[in-house]
Structures are given as structure tokens and as C-alpha cells.
Amino acid sequence: MHVLLLKEPREGGSGPDPYIKELASRGHKATLIPVLSFTFVSLNTLSDKLFQPEQHGGLIFTSPRAVEAVKMCLEDDERTEQWNMDIKDKWNAKSIYVVGKATAALVENLGLVPLGEDTGTADVLSRLILEREDANILPLLFPCGSIKREVLPSALRENGVPLDTLMVYQTAQHPDLEKNLEKHFTEQVQEAKSRTFPSKHYPIYPRCLFYLYLTRQVR
């Protein structure tokens, strides 16, 4: 069976996508077509906040894109040197909250020590934060996307935990989605037509499973 995966590619681009690998192990061919694109914004503001850790009580990351935004703020050699010299240690003296192992791994690549990688969702992470923090802390810096869910901000707000939310990327439909889908189905139809079927009534379209995997918008 040919499986069409509509999802984001594997984070970091290293190695095969785990879904493609798993499907291949079960004898299925898979094609991955990205459905979303991301535009980074407010990086100057984010950079200013990152290099003033004394103004915040900790960091919250609920998506790999938010970590990528931080990484982009460190591309300048001078900034990188300053980060490695003392800024990251000042952040590590605070709590660095994350959702998921993929995000945690990217946070570790920045030299930070994540908490909450096993939480899995923003709802569970918010409970962990509420167990550890109270209304007396400095605001937690929360870089996020344009269509983040309000579960975590609402939970913290209702319990008086201060939060500094900053949108650092915008999510939109991938610009090549329609073109890539058309190309994929054209190829599938041509492949099906080239086959010899036992019956003239056999459909020319190959069996194709659509798997829509849009990452939960907890950002």
C-alpha cells in the first residue's frame, strides 16, 4: 500500500522520518508532503529578552520552532560567545520547561537543561509548572507561534503565575502544497494506468492511505 503522509518533516532533517521508517518496516511505501510553513518574526525582541535573563523567572518551549527562533538569535559570533560565556548558565539557574522529547533535545543543543520532556502536552506541562512556581516569581518567557493553544497561558493566568508571551513565528499553509499534491496524484494515476489488471472494472487509482498529521498547536 502507498501511504501519503501530510505532515512536517523530521525535526533537524537527520535520518529518515520515523513514520516512513515504520511504514517501510511493514512493507508499505510512503511519500511525505509538508503542509505547513513557518515565518519567524520579532527576533530582535526575543534576542533582547534572551540576553536579559535577570528579567524573567524561566523559559517555556512548547514547540521546536520556538527553540529554532532562539537558535537564530545566536547566529552572530559575538552573541554566541556571550551566550556560552554566561547567559546560558544564568538561564540554567532558572527553570526551562518543555513539551516533548524532540523539543527537549533541541533545547539541550542550546546548552540548556530542560524540564518536563515527558509531559507530552501543554495541559500536563502547565500542571508541572503550577507545582513548582507561584505568583511571586518573575514572568516566565514563553516564545510561541501565531496559532498556539491557550491551554497553558490560561492555566497559568488563572493561578496567578506571570507569563511573558512573545510570538516568534507565524504558521501558514506550505506554498507548494497544492503543486506537490497534484504532482503526487498525477504520478500515482500514471503508475496505475501502466499496470495490467485482471478486470476492466478494476479501478485505475492505487490504494492510497491519507494520514493527516498536523502537529498539535500548543505553541
# chains A, B, ... in the order shown; residues from 1 in each chain; ligands from 1

call {"tool": "residues_around", "arguments": {"residues": "segment 49-54 of chain A", "least_positions_apart": "3", "cutoff": "9 Å", "atoms": "only C-alpha atoms", "output": "list of chain:residue names"}}
result
A:Asn44, A:Thr45, A:Leu46, A:Gly57, A:Gly58, A:Val70, A:Cys73, A:Arg79, A:Gln82, A:Trp83, A:Ile87, A:Lys88, A:Lys90, A:Trp91, A:Lys94, A:Leu138, A:Leu141

call {"tool": "closest_residue", "arguments": {"among": "A:Ser42, A:Thr119, A:Thr31, A:Gln55", "to": "Asp164 of chain A", "atoms": "only C-alpha atoms"}}
result
A:Gln55

call {"tool": "atom_distance", "arguments": {"atom1": "atom CA of Cys144 of chain A", "atom2": "atom CA of Thr171 of chain A"}}
result
10.6 Å

call {"tool": "closest_residue", "arguments": {"among": "A:Val113, A:Leu6, A:Leu125, A:Ala105", "to": "Pro64 of chain A", "atoms": "only C-alpha atoms"}}
result
A:Ala105

call {"tool": "residues_around", "arguments": {"residues": "His174 of chain A", "least_positions_apart": "4", "cutoff": "9 Å", "atoms": "only C-alpha atoms", "output": "PDB file with all heavy atoms, in the first residue's frame"}}
result
ATOM      1  N   PRO A  34       5.006  18.140   3.013  1.00  0.00           N
ATOM      2  CA  PRO A  34       4.798  19.128   4.087  1.00  0.00           C
ATOM      3  C   PRO A  34       3.540  19.955   3.827  1.00  0.00           C
ATOM      4  O   PRO A  34       3.252  20.315   2.689  1.00  0.00           O
ATOM      5  CB  PRO A  34       6.054  20.002   4.012  1.00  0.00           C
ATOM      6  CG  PRO A  34       7.048  19.213   3.219  1.00  0.00           C
ATOM      7  CD  PRO A  34       6.248  18.383   2.269  1.00  0.00           C
ATOM      8  N   VAL A  35       2.808  20.256   4.879  1.00  0.00           N
ATOM      9  CA  VAL A  35       1.575  21.037   4.728  1.00  0.00           C
ATOM     10  C   VAL A  35       1.681  22.437   5.325  1.00  0.00           C
ATOM     11  O   VAL A  35       0.851  23.294   5.042  1.00  0.00           O
ATOM     12  CB  VAL A  35       0.376  20.305   5.369  1.00  0.00           C
ATOM     13  CG1 VAL A  35       0.082  19.018   4.638  1.00  0.00           C
ATOM     14  CG2 VAL A  35       0.629  20.035   6.845  1.00  0.00           C
ATOM     15  N   LEU A  36       2.688  22.664   6.156  1.00  0.00           N
ATOM     16  CA  LEU A  36       2.814  23.952   6.831  1.00  0.00           C
ATOM     17  C   LEU A  36       4.148  24.618   6.517  1.00  0.00           C
ATOM     18  O   LEU A  36       5.132  23.954   6.195  1.00  0.00           O
ATOM     19  CB  LEU A  36       2.696  23.773   8.351  1.00  0.00           C
ATOM     20  CG  LEU A  36       1.399  23.162   8.883  1.00  0.00           C
ATOM     21  CD1 LEU A  36       1.496  22.975  10.389  1.00  0.00           C
ATOM     22  CD2 LEU A  36       0.205  24.027   8.522  1.00  0.00           C
ATOM     23  N   SER A  37       4.167  25.929   6.616  1.00  0.00           N
ATOM     24  CA  SER A  37       5.413  26.692   6.520  1.00  0.00           C
ATOM     25  C   SER A  37       5.445  27.683   7.674  1.00  0.00           C
ATOM     26  O   SER A  37       4.403  28.044   8.229  1.00  0.00           O
ATOM     27  CB  SER A  37       5.515  27.430   5.181  1.00  0.00           C
ATOM     28  OG  SER A  37       4.507  28.420   5.078  1.00  0.00           O
ATOM     29  N   PHE A  38       6.650  28.120   8.030  1.00  0.00           N
ATOM     30  CA  PHE A  38       6.808  28.984   9.197  1.00  0.00           C
ATOM     31  C   PHE A  38       7.650  30.208   8.846  1.00  0.00           C
ATOM     32  O   PHE A  38       8.674  30.093   8.181  1.00  0.00           O
ATOM     33  CB  PHE A  38       7.467  28.212  10.342  1.00  0.00           C
ATOM     34  CG  PHE A  38       6.733  26.955  10.713  1.00  0.00           C
ATOM     35  CD1 PHE A  38       7.142  25.727  10.222  1.00  0.00           C
ATOM     36  CD2 PHE A  38       5.608  27.005  11.522  1.00  0.00           C
ATOM     37  CE1 PHE A  38       6.461  24.567  10.538  1.00  0.00           C
ATOM     38  CE2 PHE A  38       4.918  25.849  11.846  1.00  0.00           C
ATOM     39  CZ  PHE A  38       5.343  24.627  11.354  1.00  0.00           C
ATOM     40  N   GLU A 178      -0.295  22.614  -2.846  1.00  0.00           N
ATOM     41  CA  GLU A 178      -1.173  22.249  -3.961  1.00  0.00           C
ATOM     42  C   GLU A 178      -0.383  21.632  -5.108  1.00  0.00           C
ATOM     43  O   GLU A 178      -0.779  20.606  -5.676  1.00  0.00           O
ATOM     44  CB  GLU A 178      -1.932  23.485  -4.444  1.00  0.00           C
ATOM     45  CG  GLU A 178      -2.945  23.183  -5.543  1.00  0.00           C
ATOM     46  CD  GLU A 178      -3.756  24.407  -5.930  1.00  0.00           C
ATOM     47  OE1 GLU A 178      -3.658  25.436  -5.228  1.00  0.00           O
ATOM     48  OE2 GLU A 178      -4.495  24.331  -6.929  1.00  0.00           O
TER      49      GLU A 178
END

call {"tool": "residues_around", "arguments": {"residues": "Thr165 of chain A", "least_positions_apart": "6", "cutoff": "10 Å", "atoms": "only C-alpha atoms", "output": "PyMOL selection string"}}
result
chain A and resi 60+139-145+153

call {"tool": "residues_around", "arguments": {"residues": "Ile33 of chain A", "least_positions_apart": "4", "cutoff": "7 Å", "atoms": "only C-alpha atoms", "output": "list in words"}}
result
Leu5, Leu6, Lys7 and Asn180 of chain A

call {"tool": "write_last_selection", "arguments": {"atoms": "C-alpha atoms", "output": "PDB file, in the first residue's frame"}}
result
ATOM      1  CA  LEU A   5       1.876  11.494   4.854  1.00  0.00           C
ATOM      2  CA  LEU A   6       0.747  15.093   5.170  1.00  0.00           C
ATOM      3  CA  LYS A   7       2.965  16.335   7.978  1.00  0.00           C
ATOM      4  CA  ASN A 180       3.093  18.816  -4.597  1.00  0.00           C
TER       5      ASN A 180
END

call {"tool": "residues_around", "arguments": {"residues": "Val67 of chain A", "least_positions_apart": "4", "cutoff": "9 Å", "atoms": "only C-alpha atoms", "output": "ChimeraX atom specification"}}
result
/A:61-63,71-72,103,106-107,110,143
